[in-house]
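**Q** First, the structure itself, so that you have it in front of you.
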Amino acid sequence: MRNGEQKTKITSQMATAPIPVPELPPEEWSAELGLSGPATPSAACPSQNGPESNPDPQDEPCLNWLFVDLNSYFASVEQEVRPELRGRPVAVVPMMADTTVCIAASYEAKAFGVKTGTVVADAKRLCPEIVFVEGRHEIYVDYHHRVVEAVESCLPVSSIMSIDEMACRLMGRERPLRAALELGLRVKKAIRERVGPMLRSSVGLATNRYLAKIASDMEKPDGLVALPLDVLPEALPRLTLRDLPGIGARTEKRLNDKGIYQMSQLLALDCEQAGELWGSVWGERLWHWLRGEDFAMSENEHAKSIGHSHVLSPDMRTAEKAWGVAHKLLHKAAMRLRAADLWAGSIGLAIGFSVPRQMNTPVSRFGVPTRGWHSEVRLSECQDNQTLIAALSRLWNSRPKEYDQPYFVGVQLNNLVPDRLHSLNLFDTLEDSASRTRLLATMDELNHKYGTTTLAPAAMLTAYKAAPTRIAFHAIPDLF
């Protein structure tokens, strides 16, 4: 395709190649796509306040959502900021080490087989001319906000899905198929002209956000694809199970174990069978999404977990330094917990240990021979550092002692409860709770203003420069 040539496609003509999508378990679909609420499908061409007649006199199909997906975003930003990288194979990495993995690759690198998750040593073998760039979180967030402004010069952004994805609800005259396609072209042009020519995007159009996400993945780079209702019966059976957002290798295997191998088999289920297949409401919601139905958003949804993880550099792979990193990860997670007005009902700790390479030793995706360990403890609903640190300490002391080289640490706060549903601990007085809340609010305010280590536990000193803010794939991370 010539540089600058535009690809526009409606799925009755679409290609059948697999669509790359991030692997997430079903319970994380709403966080990925911002889809939530009860399965109360609306009409095929509804307004926000109820059904309305088709504005096109020739009964042109209507669409409800426009989904923007920036192509090879991190690598594209680097090529935009550094013109000398344009046209060259580029990979963005979290650190300069052969054992880490590429977190993004330019299309020039992808042509050699380098992709997200490729170990750096393998990337060098596949593409000897590849240029590695250490990820620069602040620049990617800055360009994200520029892209949002560019999109909003055409229409309002309804939801931010991730640092490189956003969704816009179509209204009124924007919703007929031809008008929506023209709007998609305008959005793509605005991004190139207002942000930079290296920022290419793929736009998907559909009657709900889930299908619009699928449409945005069908043509990359620089694609524009619509999925109106009338083409769904022909378009969806051409997909594979892995083409659906939320279905990765593990979920696909579970579906295979239950006799579902192809999209046609999944689509043949009725709503009740889909619910039974997943064992949760997600199966029923998926059934409605794949039929183009749009859901009202629920205001009762909240994050179910908050966590951070870090791959330790070789000089940090000791028990003492890893403990300091775990402390820092908990500190960041607790600040996010309080900022979201949530309370934690449990805390989990995951550690990956580097072990000698043997015949049957598993190898992590970072190329490290590994033994993994994870444990979790229940808590009385809490937000305060003192309780969380005590629980983390108990978990840390219960780790396997036969391994002494941790290379990976992850901390996760689970079973989160919103403030409005929080139950006061029987041993807390209202005065004690209010006093602790004021103290934590003051500490968080200072840390937000002057940096996350302004007020922090002394155990974090060994990890002062470790575990910096990393690139976020499914959210816009906080700059602390």
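Here's how to read the names in the structure tokens: chain A, B, ... by the order shown, residue numbers from 1 in each chain, ligand numbers from 1 in the order shown.
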Which residues, written as number ranges by chain, have at least one atom at most 6 Å from A:Ser201, with only C-alpha atoms counted and residues fewer than 5 positions away on the same chain left out?
**A** A: 69-71, 222
**Q** Could you dump the residues just selected with all heavy atoms as an mmCIF file, in the first residue's frame?
**A**
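Saved file again-v9.cif follows:
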```cif
data_model
loop_
_atom_site.group_PDB
_atom_site.id
_atom_site.type_symbol
_atom_site.label_atom_id
_atom_site.label_comp_id
_atom_site.auth_asym_id
_atom_site.auth_seq_id
_atom_site.Cartn_x
_atom_site.Cartn_y
_atom_site.Cartn_z
ATOM 1 N N ASP A 69 -8.134 2.836 17.515
ATOM 2 C CA ASP A 69 -7.009 2.015 17.980
ATOM 3 C C ASP A 69 -5.751 2.529 17.299
ATOM 4 O O ASP A 69 -5.620 2.457 16.073
ATOM 5 C CB ASP A 69 -7.256 0.551 17.632
ATOM 6 C CG ASP A 69 -6.177 -0.382 18.166
ATOM 7 O OD1 ASP A 69 -5.140 0.113 18.649
ATOM 8 O OD2 ASP A 69 -6.363 -1.608 18.099
ATOM 9 N N LEU A 70 -4.827 3.069 18.069
ATOM 10 C CA LEU A 70 -3.570 3.590 17.513
ATOM 11 C C LEU A 70 -2.633 2.431 17.195
ATOM 12 O O LEU A 70 -2.436 1.539 18.017
ATOM 13 C CB LEU A 70 -2.925 4.560 18.491
ATOM 14 C CG LEU A 70 -3.784 5.803 18.777
ATOM 15 C CD1 LEU A 70 -3.290 6.524 20.014
ATOM 16 C CD2 LEU A 70 -3.773 6.737 17.582
ATOM 17 N N ASN A 71 -2.058 2.450 16.017
ATOM 18 C CA ASN A 71 -1.242 1.332 15.537
ATOM 19 C C ASN A 71 0.192 1.413 16.060
ATOM 20 O O ASN A 71 0.844 2.455 15.928
ATOM 21 C CB ASN A 71 -1.220 1.315 14.015
ATOM 22 C CG ASN A 71 -2.610 1.264 13.405
ATOM 23 O OD1 ASN A 71 -2.853 1.833 12.352
ATOM 24 N ND2 ASN A 71 -3.562 0.596 14.052
ATOM 25 N N ASP A 222 -3.691 1.501 9.737
ATOM 26 C CA ASP A 222 -4.392 2.578 9.028
ATOM 27 C C ASP A 222 -5.698 2.120 8.397
ATOM 28 O O ASP A 222 -6.030 2.532 7.295
ATOM 29 C CB ASP A 222 -3.464 3.188 7.967
ATOM 30 C CG ASP A 222 -3.796 4.638 7.686
ATOM 31 O OD1 ASP A 222 -4.383 5.291 8.566
ATOM 32 O OD2 ASP A 222 -3.475 5.118 6.586
#
```
**Q** Give me the residues near A:Glu149 as a list in words, where near means some atom within 12 Å (using only C-alpha atoms) and where sequence neighbours in that chain fewer than 5 positions away do not count.
**A**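 The filter keeps Asp142, Tyr143, His144, Cys154, Leu155, Pro156, Val157, Met166, Val187, Ala190, Ile191, Glu193, Arg194 and Val195 of chain A.
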**Q** Extract, using only C-alpha atoms, all DNA, RNA and protein residues at most 12 Å from stretch 340-343 of chain A, discarding same-chain residues fewer than 4 positions from it, and format them as a short mmCIF file (atom, residue, chain, number, x, y, z; two decimals) with N, CA, C and O atoms, in the first residue's frame.
**A**
```cif
data_model
loop_
_atom_site.label_atom_id
_atom_site.label_comp_id
_atom_site.auth_asym_id
_atom_site.auth_seq_id
_atom_site.Cartn_x
_atom_site.Cartn_y
_atom_site.Cartn_z
N GLU A 301 -20.49 -0.46 38.66
CA GLU A 301 -19.29 -1.23 38.41
C GLU A 301 -18.08 -0.52 39.03
O GLU A 301 -17.97 0.70 39.01
N HIS A 302 -17.16 -1.29 39.55
CA HIS A 302 -15.93 -0.73 40.07
C HIS A 302 -14.83 -1.76 39.85
O HIS A 302 -15.09 -2.93 39.57
N ALA A 303 -13.58 -1.31 39.97
CA ALA A 303 -12.45 -2.21 39.79
C ALA A 303 -12.51 -3.33 40.82
O ALA A 303 -12.85 -3.11 41.98
N LYS A 304 -12.21 -4.54 40.38
CA LYS A 304 -12.22 -5.70 41.28
C LYS A 304 -10.85 -5.94 41.90
O LYS A 304 -10.73 -6.64 42.90
N SER A 305 -9.80 -5.40 41.28
CA SER A 305 -8.45 -5.57 41.81
C SER A 305 -7.57 -4.42 41.34
O SER A 305 -7.84 -3.80 40.31
N ILE A 306 -6.54 -4.14 42.10
CA ILE A 306 -5.53 -3.14 41.75
C ILE A 306 -4.18 -3.76 42.06
O ILE A 306 -3.96 -4.26 43.17
N ALA A 333 0.03 0.80 44.87
CA ALA A 333 -1.31 0.23 44.76
C ALA A 333 -2.25 0.81 45.82
O ALA A 333 -3.42 1.08 45.55
N ALA A 334 -1.74 1.03 47.02
CA ALA A 334 -2.56 1.57 48.09
C ALA A 334 -2.99 3.01 47.79
O ALA A 334 -4.12 3.41 48.10
N MET A 335 -2.10 3.79 47.18
CA MET A 335 -2.46 5.15 46.79
C MET A 335 -3.58 5.13 45.75
O MET A 335 -4.53 5.93 45.82
N ARG A 336 -3.50 4.22 44.80
CA ARG A 336 -4.56 4.10 43.80
C ARG A 336 -5.87 3.64 44.44
O ARG A 336 -6.95 4.09 44.06
N ILE A 347 -5.15 -9.38 49.98
CA ILE A 347 -3.91 -8.96 49.33
C ILE A 347 -3.17 -10.20 48.86
O ILE A 347 -3.12 -11.22 49.57
N LEU A 379 -8.43 -9.98 54.39
CA LEU A 379 -8.29 -8.84 55.27
C LEU A 379 -9.66 -8.36 55.71
O LEU A 379 -10.65 -8.55 55.00
N SER A 380 -9.72 -7.73 56.87
CA SER A 380 -10.88 -6.89 57.15
C SER A 380 -10.73 -5.70 56.20
O SER A 380 -9.63 -5.18 56.02
N GLU A 381 -11.82 -5.28 55.60
CA GLU A 381 -11.75 -4.23 54.59
C GLU A 381 -10.91 -3.06 55.09
O GLU A 381 -11.16 -2.51 56.16
N CYS A 382 -9.88 -2.71 54.32
CA CYS A 382 -8.95 -1.68 54.78
C CYS A 382 -8.41 -0.86 53.62
O CYS A 382 -8.48 -1.27 52.45
N GLN A 383 -7.86 0.30 53.95
CA GLN A 383 -7.17 1.18 53.01
C GLN A 383 -5.80 1.58 53.51
O GLN A 383 -5.00 2.11 52.75
N ASP A 384 -5.53 1.39 54.79
CA ASP A 384 -4.36 2.01 55.42
C ASP A 384 -3.09 1.20 55.18
O ASP A 384 -3.10 -0.04 55.13
N ASN A 385 -1.98 1.92 55.06
CA ASN A 385 -0.68 1.30 54.81
C ASN A 385 -0.29 0.33 55.91
O ASN A 385 0.30 -0.72 55.65
N THR A 387 -1.99 -1.68 57.95
CA THR A 387 -2.61 -3.00 57.84
C THR A 387 -2.10 -3.74 56.61
O THR A 387 -1.79 -4.94 56.67
N LEU A 388 -1.99 -3.04 55.49
CA LEU A 388 -1.55 -3.67 54.25
C LEU A 388 -0.10 -4.13 54.34
O LEU A 388 0.25 -5.23 53.88
N LEU A 413 -4.09 -6.02 45.21
CA LEU A 413 -5.17 -5.84 46.18
C LEU A 413 -6.45 -6.33 45.53
O LEU A 413 -6.83 -5.84 44.46
N ASN A 414 -7.14 -7.26 46.19
CA ASN A 414 -8.30 -7.93 45.59
C ASN A 414 -9.55 -7.75 46.45
O ASN A 414 -9.51 -7.18 47.54
N ASN A 415 -10.68 -8.28 45.89
CA ASN A 415 -11.97 -8.21 46.57
C ASN A 415 -12.28 -6.79 47.03
O ASN A 415 -12.58 -6.53 48.20
N LEU A 416 -12.18 -5.87 46.08
CA LEU A 416 -12.34 -4.46 46.39
C LEU A 416 -13.80 -4.10 46.60
O LEU A 416 -14.70 -4.62 45.92
N VAL A 417 -14.03 -3.21 47.55
CA VAL A 417 -15.38 -2.76 47.91
C VAL A 417 -15.42 -1.24 47.81
O VAL A 417 -14.54 -0.57 48.37
N PRO A 418 -16.42 -0.67 47.13
CA PRO A 418 -16.51 0.79 47.06
C PRO A 418 -16.86 1.37 48.43
O PRO A 418 -17.45 0.70 49.28
N ASP A 419 -16.49 2.62 48.62
CA ASP A 419 -16.67 3.27 49.91
C ASP A 419 -18.12 3.22 50.39
O ASP A 419 -18.38 3.03 51.57
N ARG A 420 -19.06 3.33 49.46
CA ARG A 420 -20.48 3.37 49.86
C ARG A 420 -20.96 2.04 50.42
O ARG A 420 -21.98 1.97 51.09
N LEU A 421 -20.22 0.93 50.14
CA LEU A 421 -20.61 -0.38 50.63
C LEU A 421 -19.68 -0.89 51.73
O LEU A 421 -19.84 -2.01 52.22
N HIS A 422 -18.72 -0.06 52.13
CA HIS A 422 -17.74 -0.48 53.14
C HIS A 422 -18.38 -0.60 54.51
O HIS A 422 -19.18 0.25 54.94
N SER A 423 -18.04 -1.69 55.21
CA SER A 423 -18.53 -1.92 56.57
C SER A 423 -17.42 -1.58 57.56
O SER A 423 -16.29 -2.07 57.44
N LEU A 424 -17.72 -0.77 58.56
CA LEU A 424 -16.75 -0.37 59.56
C LEU A 424 -16.34 -1.58 60.40
O LEU A 424 -17.18 -2.39 60.81
N ASN A 425 -15.04 -1.71 60.64
CA ASN A 425 -14.53 -2.79 61.48
C ASN A 425 -15.09 -2.67 62.90
O ASN A 425 -15.20 -1.58 63.45
N THR A 437 -8.15 8.21 58.16
CA THR A 437 -8.46 8.66 56.81
C THR A 437 -7.84 10.01 56.52
O THR A 437 -7.30 10.24 55.44
N ALA A 441 -5.03 10.74 53.66
CA ALA A 441 -5.32 11.73 52.63
C ALA A 441 -4.21 12.77 52.54
O ALA A 441 -3.81 13.19 51.45
N ASP A 478 -1.31 6.48 36.58
CA ASP A 478 -1.06 7.67 37.35
C ASP A 478 0.43 8.01 37.31
O ASP A 478 1.28 7.12 37.32
#
```
